[in-house]
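Listing of structure.txt, compact mmCIF, C-alpha atoms and all ligand atoms
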# COMPACT_ATOMS: atom_id res chain seq x y z
CA MET A 11 0.00 0.00 0.00
CA ASP A 12 1.43 3.42 -0.93
CA THR A 13 0.45 5.80 1.87
CA ASP A 14 2.67 8.66 0.64
CA VAL A 15 3.58 9.88 4.15
CA GLU A 16 7.37 9.70 3.91
CA GLY A 17 8.97 12.16 6.35
CA VAL A 18 5.65 13.01 8.02
CA GLU A 19 6.10 12.89 11.78
CA GLN A 20 4.11 10.29 13.73
CA ALA A 21 2.03 12.05 16.41
CA VAL A 22 0.66 9.78 19.12
CA SER A 23 -2.58 9.68 21.05
CA THR A 24 -2.38 8.30 24.56
CA GLY A 25 -4.62 8.00 27.60
CA THR A 26 -4.35 7.30 31.27
CA LEU A 27 -5.25 4.35 33.45
CA PRO A 28 -7.39 4.66 36.58
CA ALA A 29 -5.63 5.32 39.92
CA TRP A 30 -3.10 2.71 41.06
CA SER A 31 -5.32 1.31 43.83
CA ARG A 32 -8.22 0.87 41.41
CA VAL A 33 -6.05 -0.99 38.90
CA ASP A 34 -4.87 -3.21 41.75
CA GLU A 35 -8.47 -3.99 42.73
CA LEU A 36 -9.48 -4.76 39.16
CA VAL A 37 -6.55 -7.16 38.65
CA THR A 38 -7.62 -9.04 41.80
CA GLU A 39 -11.25 -9.01 40.66
CA ALA A 40 -10.34 -10.37 37.22
CA HIS A 41 -8.47 -13.22 38.87
CA GLU A 42 -11.26 -14.06 41.33
CA ARG A 43 -14.00 -13.80 38.75
CA TYR A 44 -12.53 -16.31 36.30
CA LEU A 45 -10.73 -18.65 38.72
CA PRO A 46 -13.76 -21.00 38.93
CA ARG A 47 -13.96 -21.39 35.12
CA THR A 48 -12.43 -24.70 34.09
CA SER A 49 -13.44 -25.15 30.45
CA GLY A 50 -10.85 -25.80 27.72
CA ALA A 51 -8.02 -28.30 27.52
CA VAL A 52 -4.25 -28.18 28.07
CA ALA A 53 -2.22 -28.43 24.83
CA ASP A 54 -0.73 -31.88 24.29
CA TYR A 55 0.72 -31.83 20.76
CA ILE A 56 4.02 -30.91 22.39
CA PRO A 57 4.10 -33.89 24.84
CA VAL A 58 5.63 -32.13 27.85
CA LEU A 59 2.97 -29.39 27.81
CA ALA A 60 0.33 -32.01 28.65
CA ALA A 61 1.89 -32.29 32.10
CA ALA A 62 1.10 -28.63 32.98
CA ASP A 63 -1.08 -28.06 36.04
CA PRO A 64 -4.40 -26.96 34.44
CA ASP A 65 -5.49 -25.06 37.56
CA LEU A 66 -2.72 -22.47 37.46
CA PHE A 67 -3.97 -18.93 36.84
CA GLY A 68 -2.03 -15.67 37.06
CA VAL A 69 -2.97 -12.12 36.04
CA SER A 70 -0.66 -9.12 35.88
CA VAL A 71 -0.86 -5.55 34.60
CA ALA A 72 2.25 -3.42 34.02
CA GLU A 73 1.76 0.33 33.65
CA VAL A 74 3.97 2.51 31.44
CA ASP A 75 5.20 4.25 34.61
CA GLY A 76 6.75 0.95 35.69
CA ARG A 77 4.24 -0.09 38.35
CA VAL A 78 3.18 -3.73 38.21
CA HIS A 79 -0.01 -5.29 39.61
CA THR A 80 -0.36 -9.03 40.20
CA ALA A 81 -2.88 -11.67 41.28
CA GLY A 82 -2.64 -15.47 41.46
CA HIS A 83 0.19 -17.60 40.05
CA VAL A 84 2.17 -14.76 38.52
CA ASP A 85 5.56 -16.22 39.43
CA VAL A 86 5.01 -19.67 37.92
CA GLU A 87 7.14 -20.05 34.80
CA PHE A 88 5.94 -21.60 31.57
CA SER A 89 7.25 -21.63 27.99
CA ILE A 90 6.53 -18.45 26.06
CA GLN A 91 5.72 -20.39 22.84
CA SER A 92 4.06 -18.29 20.13
CA ILE A 93 4.20 -15.10 22.18
CA SER A 94 7.91 -15.06 21.32
CA LYS A 95 6.86 -14.37 17.72
CA ALA A 96 5.75 -10.83 18.64
CA PHE A 97 9.06 -9.93 20.28
CA VAL A 98 11.32 -11.58 17.70
CA TYR A 99 9.32 -9.72 15.06
CA ALA A 100 9.97 -6.46 16.97
CA LEU A 101 13.69 -7.29 17.03
CA VAL A 102 13.75 -7.90 13.27
CA CYS A 103 11.72 -4.73 12.55
CA HIS A 104 14.19 -2.79 14.68
CA GLU A 105 17.15 -4.21 12.74
CA LEU A 106 15.81 -4.33 9.18
CA GLY A 107 13.03 -1.71 9.13
CA HIS A 108 9.39 -1.54 8.20
CA ASP A 109 9.56 -2.06 4.44
CA ILE A 110 11.85 -5.08 4.25
CA VAL A 111 9.88 -6.92 6.91
CA ARG A 112 6.53 -6.15 5.30
CA GLU A 113 7.78 -7.41 1.96
CA ARG A 114 9.58 -10.53 3.27
CA VAL A 115 7.14 -11.66 5.95
CA GLY A 116 3.84 -9.80 5.39
CA VAL A 117 1.21 -8.35 7.73
CA ASP A 118 -2.09 -9.89 6.63
CA ASN A 119 -4.16 -12.56 8.37
CA THR A 120 -4.33 -16.00 6.76
CA GLY A 121 -7.73 -16.82 8.30
CA LEU A 122 -6.27 -20.27 8.98
CA PRO A 123 -4.71 -22.00 12.02
CA PHE A 124 -1.21 -21.05 13.16
CA ASN A 125 0.47 -24.14 11.75
CA SER A 126 -1.34 -24.21 8.41
CA VAL A 127 0.53 -25.52 5.38
CA ILE A 128 -2.38 -24.77 3.04
CA ALA A 129 -2.03 -21.05 3.86
CA ILE A 130 1.46 -21.09 2.32
CA GLU A 131 0.25 -22.86 -0.81
CA LEU A 132 -2.76 -20.58 -1.19
CA ASN A 133 -0.49 -17.53 -1.11
CA ASP A 134 2.16 -18.66 -3.63
CA GLY A 135 4.66 -19.48 -0.92
CA HIS A 136 4.34 -16.16 0.91
CA PRO A 137 4.38 -16.65 4.70
CA MET A 138 1.71 -13.88 5.07
CA ASN A 139 2.37 -12.70 8.63
CA PRO A 140 4.90 -13.15 11.44
CA MET A 141 2.42 -14.55 13.99
CA VAL A 142 1.72 -17.86 12.23
CA ASN A 143 4.45 -20.48 12.18
CA ALA A 144 5.41 -19.92 8.53
CA GLY A 145 5.92 -16.19 9.03
CA ALA A 146 7.58 -16.71 12.39
CA LEU A 147 10.13 -19.06 10.82
CA ALA A 148 10.76 -16.54 8.04
CA THR A 149 11.19 -13.84 10.71
CA THR A 150 13.58 -15.89 12.86
CA ALA A 151 15.66 -16.54 9.71
CA LEU A 152 16.16 -12.74 9.46
CA VAL A 153 17.56 -12.27 13.00
CA PRO A 154 21.10 -10.84 12.76
CA GLY A 155 23.93 -13.27 13.56
CA ALA A 156 26.73 -15.08 11.72
CA THR A 157 25.64 -18.48 13.08
CA PRO A 158 22.41 -19.97 14.49
CA ALA A 159 24.05 -19.82 17.94
CA GLU A 160 24.59 -16.06 17.55
CA GLN A 161 21.01 -15.60 16.34
CA TRP A 162 19.71 -17.53 19.33
CA GLU A 163 21.80 -15.48 21.76
CA ARG A 164 20.51 -12.28 20.15
CA ILE A 165 16.91 -13.46 20.59
CA ARG A 166 17.48 -14.52 24.19
CA THR A 167 19.12 -11.24 25.19
CA THR A 168 16.52 -9.10 23.41
CA LEU A 169 13.55 -10.95 24.93
CA SER A 170 15.32 -10.71 28.31
CA ALA A 171 15.60 -6.92 27.84
CA PHE A 172 11.87 -6.80 27.09
CA ALA A 173 11.21 -8.72 30.33
CA GLY A 174 13.79 -6.83 32.38
CA ARG A 175 15.48 -10.02 33.61
CA GLN A 176 17.51 -12.89 32.19
CA LEU A 177 15.20 -15.42 30.55
CA VAL A 178 16.41 -19.00 30.26
CA LEU A 179 15.64 -21.94 28.03
CA ASP A 180 13.35 -24.70 29.30
CA GLY A 181 15.46 -27.67 28.18
CA GLU A 182 12.65 -30.15 28.65
CA VAL A 183 10.20 -28.19 26.49
CA TYR A 184 12.88 -27.64 23.84
CA GLN A 185 13.69 -31.38 23.73
CA SER A 186 10.04 -32.38 23.66
CA GLU A 187 9.19 -30.03 20.80
CA THR A 188 12.36 -30.93 18.90
CA LEU A 189 11.26 -34.57 18.84
CA THR A 190 7.76 -33.73 17.58
CA ASN A 191 8.14 -30.65 15.33
CA GLN A 192 8.09 -32.43 11.98
CA ARG A 193 5.34 -30.11 10.82
CA ASN A 194 7.42 -26.98 11.47
CA LYS A 195 10.32 -28.63 9.64
CA ALA A 196 8.02 -29.29 6.69
CA ILE A 197 6.84 -25.66 6.73
CA ALA A 198 10.45 -24.44 6.75
CA ARG A 199 11.36 -26.72 3.83
CA LEU A 200 8.33 -25.50 1.91
CA LEU A 201 9.33 -21.86 2.51
CA GLU A 202 12.86 -22.72 1.36
CA SER A 203 11.43 -24.18 -1.85
CA TYR A 204 9.68 -20.85 -2.47
CA GLY A 205 12.88 -18.87 -1.79
CA ARG A 206 11.50 -17.42 1.45
CA ILE A 207 14.27 -18.80 3.70
CA ASP A 208 17.85 -18.30 2.55
CA THR A 209 19.69 -20.20 5.30
CA ASP A 210 19.48 -23.85 6.41
CA PRO A 211 15.75 -24.38 7.15
CA LEU A 212 16.35 -26.99 9.85
CA GLU A 213 18.70 -24.64 11.69
CA VAL A 214 16.01 -21.96 11.50
CA VAL A 215 13.50 -24.40 13.03
CA ASP A 216 15.97 -25.17 15.81
CA VAL A 217 16.40 -21.48 16.72
CA TYR A 218 12.63 -21.01 16.51
CA THR A 219 12.04 -24.03 18.78
CA ARG A 220 14.45 -22.53 21.32
CA GLN A 221 12.76 -19.14 21.26
CA CYS A 222 9.40 -20.85 21.93
CA ALA A 223 10.93 -22.68 24.92
CA LEU A 224 12.07 -19.54 26.78
CA ARG A 225 10.63 -19.52 30.28
CA VAL A 226 8.51 -16.55 31.37
CA ASP A 227 5.82 -15.85 33.95
CA ALA A 228 2.65 -13.74 33.70
CA ARG A 229 4.43 -10.76 35.23
CA ASP A 230 7.18 -10.96 32.58
CA LEU A 231 4.54 -10.93 29.86
CA ALA A 232 2.97 -7.77 31.31
CA VAL A 233 6.36 -6.02 31.45
CA MET A 234 7.30 -7.19 27.94
CA GLY A 235 3.98 -5.89 26.62
CA ALA A 236 4.33 -2.63 28.55
CA THR A 237 7.66 -2.08 26.76
CA LEU A 238 5.73 -2.14 23.47
CA ALA A 239 3.17 0.24 25.05
CA ASP A 240 5.94 2.60 26.14
CA GLY A 241 7.59 3.45 22.83
CA GLY A 242 10.13 0.63 23.14
CA VAL A 243 11.54 1.53 26.58
CA ASN A 244 11.13 -1.07 29.34
CA PRO A 245 9.20 0.93 31.97
CA VAL A 246 10.66 -1.06 34.88
CA THR A 247 14.36 -1.00 33.95
CA GLY A 248 14.35 2.17 31.82
CA GLU A 249 16.30 0.39 29.08
CA ARG A 250 15.48 1.20 25.45
CA VAL A 251 14.92 -2.16 23.77
CA VAL A 252 13.60 -1.16 20.32
CA ASP A 253 12.88 2.08 18.46
CA ALA A 254 9.46 3.67 19.01
CA HIS A 255 8.26 3.06 15.45
CA VAL A 256 8.82 -0.68 15.97
CA CYS A 257 6.09 -0.72 18.63
CA GLY A 258 3.48 0.52 16.15
CA ASP A 259 4.71 -1.96 13.53
CA THR A 260 4.46 -4.82 16.00
CA LEU A 261 1.15 -3.91 17.62
CA SER A 262 -0.64 -3.39 14.30
CA VAL A 263 0.39 -6.88 13.22
CA LEU A 264 -0.74 -8.28 16.57
CA ALA A 265 -4.13 -6.60 16.11
CA ALA A 266 -4.56 -8.16 12.68
CA THR A 267 -3.10 -11.60 13.38
CA GLY A 268 -2.03 -12.12 17.03
CA MET A 269 -4.97 -14.35 17.94
CA TYR A 270 -4.74 -16.37 14.71
CA GLU A 271 -8.04 -16.95 12.90
CA ARG A 272 -9.85 -15.44 15.91
CA SER A 273 -8.12 -12.07 15.60
CA GLY A 274 -11.18 -10.27 14.19
CA GLU A 275 -13.43 -11.63 16.88
CA TRP A 276 -10.84 -10.73 19.53
CA LEU A 277 -10.64 -7.11 18.34
CA PHE A 278 -14.42 -6.93 18.12
CA GLU A 279 -14.85 -8.13 21.70
CA ILE A 280 -11.71 -6.88 23.46
CA GLY A 281 -10.30 -4.14 21.28
CA ILE A 282 -6.54 -4.29 21.95
CA PRO A 283 -3.65 -6.05 20.19
CA ALA A 284 -2.68 -9.34 21.79
CA LYS A 285 -0.66 -12.52 21.32
CA SER A 286 -1.23 -15.95 22.78
CA GLY A 287 0.89 -19.07 23.16
CA VAL A 288 -0.03 -22.75 23.49
CA ALA A 289 1.45 -23.08 26.98
CA GLY A 290 -1.36 -20.77 28.16
CA GLY A 291 0.12 -17.27 28.14
CA ILE A 292 -1.47 -14.17 26.65
CA VAL A 293 -0.03 -10.66 26.41
CA ALA A 294 -2.36 -7.78 25.49
CA VAL A 295 -1.09 -4.24 24.97
CA ALA A 296 -2.76 -0.85 25.39
CA PRO A 297 -0.48 1.65 23.60
CA GLY A 298 0.59 4.52 25.86
CA LYS A 299 -1.00 2.91 28.93
CA GLY A 300 0.40 -0.53 29.72
CA ALA A 301 -0.11 -4.23 29.18
CA ILE A 302 -1.83 -7.28 30.59
CA GLY A 303 -0.04 -10.62 31.03
CA THR A 304 -2.07 -13.73 31.86
CA PHE A 305 -1.30 -17.41 32.31
CA SER A 306 -3.74 -20.29 32.46
CA PRO A 307 -3.02 -23.52 30.55
CA ARG A 308 -6.53 -24.58 29.47
CA LEU A 309 -7.05 -23.53 25.83
CA ASP A 310 -9.95 -23.16 23.41
CA ARG A 311 -9.94 -24.82 19.98
CA ALA A 312 -7.92 -22.01 18.36
CA GLY A 313 -5.19 -22.50 21.00
CA ASN A 314 -5.96 -19.43 23.14
CA SER A 315 -6.16 -19.63 26.96
CA VAL A 316 -9.81 -19.61 28.07
CA ARG A 317 -9.34 -17.87 31.41
CA GLY A 318 -6.67 -15.58 29.96
CA GLN A 319 -9.04 -14.33 27.27
CA ARG A 320 -11.74 -13.66 29.82
CA ALA A 321 -9.49 -11.90 32.31
CA THR A 322 -8.08 -9.77 29.48
CA ALA A 323 -11.58 -8.91 28.26
CA TYR A 324 -12.61 -7.92 31.78
CA LEU A 325 -9.56 -5.72 32.29
CA SER A 326 -9.79 -4.14 28.84
CA ARG A 327 -13.37 -3.18 29.61
CA THR A 328 -12.90 -1.98 33.19
CA LEU A 329 -9.56 -0.21 32.67
CA GLY A 330 -10.82 1.49 29.50
CA LEU A 331 -8.25 -0.07 27.17
CA ASN A 332 -10.35 -0.78 24.06
CA VAL A 333 -8.75 1.41 21.39
CA PHE A 334 -12.01 1.61 19.45
CA ALA A 335 -14.21 2.76 22.35
CA SER A 336 -15.10 6.44 22.64
CA ASP A 337 -17.57 8.66 24.42
CA VAL A 338 -18.96 12.07 23.49
CA HIS A 339 -16.39 14.63 24.60
CA ALA A 340 -17.74 16.62 27.53
CA SER A 341 -16.34 20.01 26.46
CA GLY A 342 -17.74 19.51 22.96
CA ARG A 343 -21.14 18.82 24.43
CA ALA A 344 -20.92 21.98 26.55
CA ALA A 345 -19.85 24.06 23.55
CA ARG A 346 -22.69 22.73 21.42
CA SER A 347 -25.29 23.37 24.09
CA SER A 348 -24.09 26.97 24.57
CA GLU A 349 -24.22 27.44 20.77
CA ARG A 350 -27.80 26.27 20.84
CA LYS A 351 -28.58 28.71 23.64
CA ASP A 352 -26.92 31.55 21.67
CA SER A 353 -28.88 30.81 18.52
CA ALA A 354 -32.15 30.52 20.50
CA SER A 355 -31.71 33.93 22.12
N1 LIG A 401 6.21 -23.84 19.47
C1 LIG A 401 4.84 -23.91 19.04
C2 LIG A 401 4.76 -24.37 17.60
O1 LIG A 401 5.56 -23.97 16.81
C3 LIG A 401 4.19 -22.57 19.21
C4 LIG A 401 2.76 -22.57 18.79
C5 LIG A 401 1.88 -21.65 19.58
O2 LIG A 401 2.16 -21.24 20.69
N2 LIG A 401 0.71 -21.40 19.03
O3 LIG A 401 3.94 -25.16 17.22

So that I can check it, write out the structure of this file as structure tokens.
Amino acid sequence: MDTDVEGVEQAVSTGTLPAWSRVDELVTEAHERYLPRTSGAVADYIPVLAAADPDLFGVSVAEVDGRVHTAGHVDVEFSIQSISKAFVYALVCHELGHDIVRERVGVDNTGLPFNSVIAIELNDGHPMNPMVNAGALATTALVPGATPAEQWERIRTTLSAFAGRQLVLDGEVYQSETLTNQRNKAIARLLESYGRIDTDPLEVVDVYTRQCALRVDARDLAVMGATLADGGVNPVTGERVVDAHVCGDTLSVLAATGMYERSGEWLFEIGIPAKSGVAGGIVAVAPGKGAIGTFSPRLDRAGNSVRGQRATAYLSRTLGLNVFASDVHASGRAARSSERKDSAS
């Protein structure tokens, strides 16, 4: 799309969250309200994930001023899985820029599940977007580094900077997925055949499998998301992780594709960009305000955490995060009513 806005400065619109104590109450309420809900099923296509405790549930909100609210199992670690795609995409956007990434990886929804092979075939070998496995593999292949080991280290340190602490690999999850990721290997080979991956596709899958096995907790997800809400600066550590324009590039893609084939429904109901992972995490970001991190392993059929979606919906609504919601502006109403009075007199 040619928008013809080269050199035009990006102005931003922001808002404010309710008072700290109110946010704290709402985070606790969201946790209590959805704790009794036990529908959905723990992912088992990666064998070790089937062993997760289905009753775990943590909710966290990180504000752009660095304050963090928590309720429930916010310190229990789990593998980040597909949520890594958002942050590796941000890293690649930061390094290579908007245009290259849009051309190489794409920004449009496939309307199909995250591990679809048909989506690649239907789009002449184009991976379509960085949040499905095909696009995520194409994105990981673009991470700077002379060797896969260097690329992996770059991913680990960047995602750690987003979280504000050193993230480590879950060796058991990595091993388990490595033994069962034939489908991702097939996707990578298919992309190679279309000229969409230039390096060794199996090495790309290995780095991707590692990035998915990084251990995080719900609080980390909130802080990582809040970094994208805060123009690329981690609000807890103060470290700049990516350039400000990268946040807009990443969040717009999350809005369109972060919840897979449910992304439209998610925006319709909840109204903020988000990304989920099959271990049960969700991060949802309110630009200029903060982010929500949730963890609960029971998933719906699209692979999104059931409790996590509900807690996020509740917090989006009560904290006023929906980017599409508006109300009649009070001063405008006052001005119009005084105009009416003037013209009546
Ligand atoms: N590692 C998982 C995979 O590639 C991630 C999928 C997900 O979280 N949706 O299949």

Query raised in the report: Leaving out Val69 of chain A and any residue of its chain fewer than 6 positions from it, which residues lie within 7 Å of it when counting all atoms listed in the file, given as JSON, numbers by chain?
Result: {"A": [37, 41, 80, 81, 82, 84, 228, 303, 304, 305]}

Query raised in the report: What is the atom CA of Leu325 of chain A-atom CA of Arg311 of chain A distance in Å, reported with one decimal?
Result: 22.7 Å

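Between atom CA of Val333 of chain A and atom CA of Val18 of chain A there is a distance of 22.8 Å.
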
Report task. To one decimal in Å, tell me the separation between atom CA of Phe88 of chain A and atom CA of Pro307 of chain A. Result ->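 The value is 9.2 Å.
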
Query - Minimum-distance residue to Val316 of chain A, chosen among A:Val52, A:Val153, A:Leu179, A:Leu59 (using only C-alpha atoms) - result: A:Val52

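Proximity of A:Asp210, A:Glu202, A:Asp216, A:Asp253 to ligand LIG 401 (chain A), computed with only C-alpha atoms and all ligand atoms, is greatest for A:Asp216.
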
Requested in this report: List all protein, DNA and RNA residues that have at least one atom no more than 10 Å from any atom of ligand LIG 401 (chain A), counting all atoms listed in the file, and write them as an MDAnalysis selection string.
Outcome: chainID A and resid 53 55:56 89:95 123:125 141:144 146:147 183:184 187:188 190:195 215 218:223 268:270 285:292 312:314

Query raised in the report: With all atoms listed in the file as the basis for distance, which of A:Ser70, A:Thr13, A:Asn332, A:Thr120 is at the shortest distance from Thr38 of chain A?
Result: A:Ser70

Query raised in the report: Which residue out of A:Glu249, A:Asp180, A:Glu39, A:Asp34 has the minimum interatomic distance to Ala72 of chain A when only C-alpha atoms are used?
Result: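 Checking each candidate against Ala72 of chain A, we get A:Asp34 as the closest.
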
Query raised in the report: So which residues touch His83 of chain A within 6 Å, counting all atoms listed in the file, skipping near sequence neighbours fewer than 3 positions away, as a ChimeraX atom specification?
Result: /A:67-68,86

Query raised in the report: Counting all atoms listed in the file, what is within 8 Å of segment 22-28 of chain A, bar same-chain residues fewer than 4 positions away, as a ChimeraX atom specification?
Result: /A:32-33,297-299,329-330

Please write out, as lines of an AutoDock Vina configuration file, where the centre of an axis-aligned box around all listed atoms of segment 254-260 of chain A lies and how long its edges are, in Å to one decimal, after adding 5 Å on each side.
center_x = 6.5
center_y = -0.6
center_z = 16.3
size_x = 16.0
size_y = 18.5
size_z = 15.5

Report task. Point out the residue among A:Ala196, A:Cys257, A:Val71, A:Val251 with the least atom-to-atom distance to Ala239 of chain A, counting all atoms listed in the file. Result -> A:Cys257

Report task. Can you pull out every residue within 10 Å of Gly121 of chain A, counting only C-alpha atoms, but drop anything in the same chain fewer than 5 positions away, and send it as a list in words? Result ->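 Final neighbour list, sorted by chain and number: Ser126, Ala129, Thr267, Tyr270, Glu271, Arg272, Ser273 and Gly274 of chain A.
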
Report task. Might you pull out every residue within 12 Å of segment 109-117 of chain A, with only C-alpha atoms counted and same-chain residues fewer than 4 positions away left off, and present them as a PyMOL selection string? Result -> chain A and resi 11-12+16+98-105+130+133+135-153+201+204-208+256+259-268

Would you mind exporting C-alpha atoms of the selected residues as a compact mmCIF listing (two decimals), in the frame of the given file?
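Full text of selection-v4.txt as output:
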# COMPACT_ATOMS: atom_id res chain seq x y z
CA MET A 11 0.00 0.00 0.00
CA ASP A 12 1.43 3.42 -0.93
CA GLU A 16 7.37 9.70 3.91
CA VAL A 98 11.32 -11.58 17.70
CA TYR A 99 9.32 -9.72 15.06
CA ALA A 100 9.97 -6.46 16.97
CA LEU A 101 13.69 -7.29 17.03
CA VAL A 102 13.75 -7.90 13.27
CA CYS A 103 11.72 -4.73 12.55
CA HIS A 104 14.19 -2.79 14.68
CA GLU A 105 17.15 -4.21 12.74
CA ILE A 130 1.46 -21.09 2.32
CA ASN A 133 -0.49 -17.53 -1.11
CA GLY A 135 4.66 -19.48 -0.92
CA HIS A 136 4.34 -16.16 0.91
CA PRO A 137 4.38 -16.65 4.70
CA MET A 138 1.71 -13.88 5.07
CA ASN A 139 2.37 -12.70 8.63
CA PRO A 140 4.90 -13.15 11.44
CA MET A 141 2.42 -14.55 13.99
CA VAL A 142 1.72 -17.86 12.23
CA ASN A 143 4.45 -20.48 12.18
CA ALA A 144 5.41 -19.92 8.53
CA GLY A 145 5.92 -16.19 9.03
CA ALA A 146 7.58 -16.71 12.39
CA LEU A 147 10.13 -19.06 10.82
CA ALA A 148 10.76 -16.54 8.04
CA THR A 149 11.19 -13.84 10.71
CA THR A 150 13.58 -15.89 12.86
CA ALA A 151 15.66 -16.54 9.71
CA LEU A 152 16.16 -12.74 9.46
CA VAL A 153 17.56 -12.27 13.00
CA LEU A 201 9.33 -21.86 2.51
CA TYR A 204 9.68 -20.85 -2.47
CA GLY A 205 12.88 -18.87 -1.79
CA ARG A 206 11.50 -17.42 1.45
CA ILE A 207 14.27 -18.80 3.70
CA ASP A 208 17.85 -18.30 2.55
CA VAL A 256 8.82 -0.68 15.97
CA ASP A 259 4.71 -1.96 13.53
CA THR A 260 4.46 -4.82 16.00
CA LEU A 261 1.15 -3.91 17.62
CA SER A 262 -0.64 -3.39 14.30
CA VAL A 263 0.39 -6.88 13.22
CA LEU A 264 -0.74 -8.28 16.57
CA ALA A 265 -4.13 -6.60 16.11
CA ALA A 266 -4.56 -8.16 12.68
CA THR A 267 -3.10 -11.60 13.38
CA GLY A 268 -2.03 -12.12 17.03

Query - Counting all atoms listed in the file, the residue of A:Asp14, A:Glu87, A:Thr328, A:Gly300 that sits nearest Ala62 of chain A - result: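 Closest candidate: A:Glu87.
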